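Visitor: One structure coming up, written as structure tokens, with questions to follow.
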Protein chains: 2
Amino acid sequence: MTQEPYPHPDVSEVTLPEVLHALSDPVRLSILQALVPGQESAWSGFMVSVAPSTLSHHMKVLRNAGLITHRKEGTRCLVSLRQDLGERFPGLLDTVLRLAPVA
Amino acid sequence: MTQEPYPHPDVSEVTLPEVLHALSDPVRLSILQALVPGQESAWSGFMVSVAPSTLSHHMKVLRNAGLITHRKEGTRCLVSLRQDLGERFPGLLDTVLRLAPVA
DNA sequence: TTCGATGTTCGACGAATATCAAACAATGGC
DNA sequence: GCCATTGTTTGATATTCGTCGAACATCGAA
């Protein structure tokens, strides 16, 4: 089997509490802040001091909340902000990221 | 002792993850939706099917997140949306309430 | 003063969460 | 083919969370 893609929910299946919960963790918020809209990023730039397994866990949460696209290329992963979540919850992610602490 | 007021944090002490966590529960979201900005409400109108103790718990969470003002008048409580949280996190509550399901 | 109405506090309980280390899997380079 | 790199999965653990019922506190009314 080559890389089977990660399961990404349809944005219509995602609920608001689910998204807000995904956004309510400092580590996940840091990850999202490190993502440049419309651009894929590798994990290297996240600067988050958690174990790899923990990071992997947070990625799954963000993915299931419809916040990110998660793709595997070779041995590393490429992550990007999902644009279509803005169709479901217009302005939500923009507002949160705008207010997120710079730290 | 007459009614000692509930502790309300200063908005400067409230963190974004804390607010988002408070917003990520369906019951709390329902409560906030039932609140009319600039107007005090009693618990009667919340239409939330949880035990009184649970409701009280959610109120404390909302209060500690700086989302509501909680005042006791006689035997019942009056709750209202805190306006000054919008100074700390402009547009956040408005965006979330705009996107909250009508149910 | 006694009682009813309205919240709060206090365990308690099950479920979910965040975290880690260790084992596992897949890929690309040697 | 072998191995290092990079994530994922799997326990394990400690914590937090949402919920309830029961006991308690406070106030207003009878």
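Letters for chains follow the order of the structure tokens (A, B, ...), residue numbers begin at 1 for each chain, and ligand numbers begin at 1 in the order shown.
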Please report as a tab-separated table every residue of chain B lying within 8 Å of chain D, along with the nearest atom pair and their distance in Å (one decimal), using only C-alpha atoms (C1' of nucleotides).
Guide:
```
residue	atom	partner	partner_atom	distance
B:Gln3	CA	D:DT26	C1'	7.9
B:Ala51	CA	D:DC20	C1'	7.1
B:Thr54	CA	D:DT19	C1'	6.6
B:Gly74	CA	D:DC27	C1'	5.5
B:Thr75	CA	D:DC27	C1'	5.2
```
Visitor: Using only C-alpha atoms, please write the residues we just selected to a file, as a compact mmCIF listing (two decimals), in the first residue's frame.
Guide:
```txt
# COMPACT_ATOMS: atom_id res chain seq x y z
CA GLN B 3 -25.28 38.61 49.05
CA ALA B 51 -29.81 19.86 36.46
CA THR B 54 -24.97 21.66 36.27
CA GLY B 74 -33.26 38.42 45.78
CA THR B 75 -33.52 34.72 45.23
```
Visitor: Could you list, as a list in words, the residues of chain C having an atom within 8 Å of chain A when counting only C-alpha atoms (C1' of nucleotides)?
Guide: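 That gives DA18, DT19, DC20, DA26, DT27 and DG28 of chain C for chain C.
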Visitor: Residues of chain A that have any atom at most 7 Å from an atom of chain B: could you tabulate them with the shortest-distance atom pair and the distance in Å to one decimal, using only C-alpha atoms, ordered by chain and increasing number, as JSON lines?
Guide:
```
{"residue": "A:Leu16", "atom": "CA", "partner": "B:Ala100", "partner_atom": "CA", "distance": 6.7}
{"residue": "A:Pro17", "atom": "CA", "partner": "B:Ser24", "partner_atom": "CA", "distance": 4.3}
{"residue": "A:Glu18", "atom": "CA", "partner": "B:Ser24", "partner_atom": "CA", "distance": 6.8}
{"residue": "A:Leu20", "atom": "CA", "partner": "B:Ser24", "partner_atom": "CA", "distance": 4.9}
{"residue": "A:His21", "atom": "CA", "partner": "B:Ser24", "partner_atom": "CA", "distance": 5.0}
{"residue": "A:Leu23", "atom": "CA", "partner": "B:Leu20", "partner_atom": "CA", "distance": 6.7}
{"residue": "A:Ser24", "atom": "CA", "partner": "B:Pro17", "partner_atom": "CA", "distance": 4.3}
{"residue": "A:Asp25", "atom": "CA", "partner": "B:Pro17", "partner_atom": "CA", "distance": 5.8}
{"residue": "A:Pro26", "atom": "CA", "partner": "B:Pro17", "partner_atom": "CA", "distance": 6.3}
{"residue": "A:Phe89", "atom": "CA", "partner": "B:Leu99", "partner_atom": "CA", "distance": 6.2}
{"residue": "A:Gly91", "atom": "CA", "partner": "B:Thr95", "partner_atom": "CA", "distance": 6.9}
{"residue": "A:Leu92", "atom": "CA", "partner": "B:Thr95", "partner_atom": "CA", "distance": 6.3}
{"residue": "A:Thr95", "atom": "CA", "partner": "B:Leu92", "partner_atom": "CA", "distance": 6.3}
{"residue": "A:Val96", "atom": "CA", "partner": "B:Leu92", "partner_atom": "CA", "distance": 7.0}
{"residue": "A:Leu99", "atom": "CA", "partner": "B:Phe89", "partner_atom": "CA", "distance": 6.2}
{"residue": "A:Ala100", "atom": "CA", "partner": "B:Leu16", "partner_atom": "CA", "distance": 6.7}
```
Visitor: Going by DSSP on the backbone, which residues of range 12-102 of chain A come out as alpha helix (DSSP H)? List them as an MDAnalysis selection string.
Guide: chainID A and resid 16:23 26:34 52:64 85:88 92:99
Visitor: So which residues touch range 30-44 of chain A within 6 Å, counting only C-alpha atoms (C1' of nucleotides), skipping near sequence neighbours fewer than 5 positions away, as a count of residues only?
Guide: 5
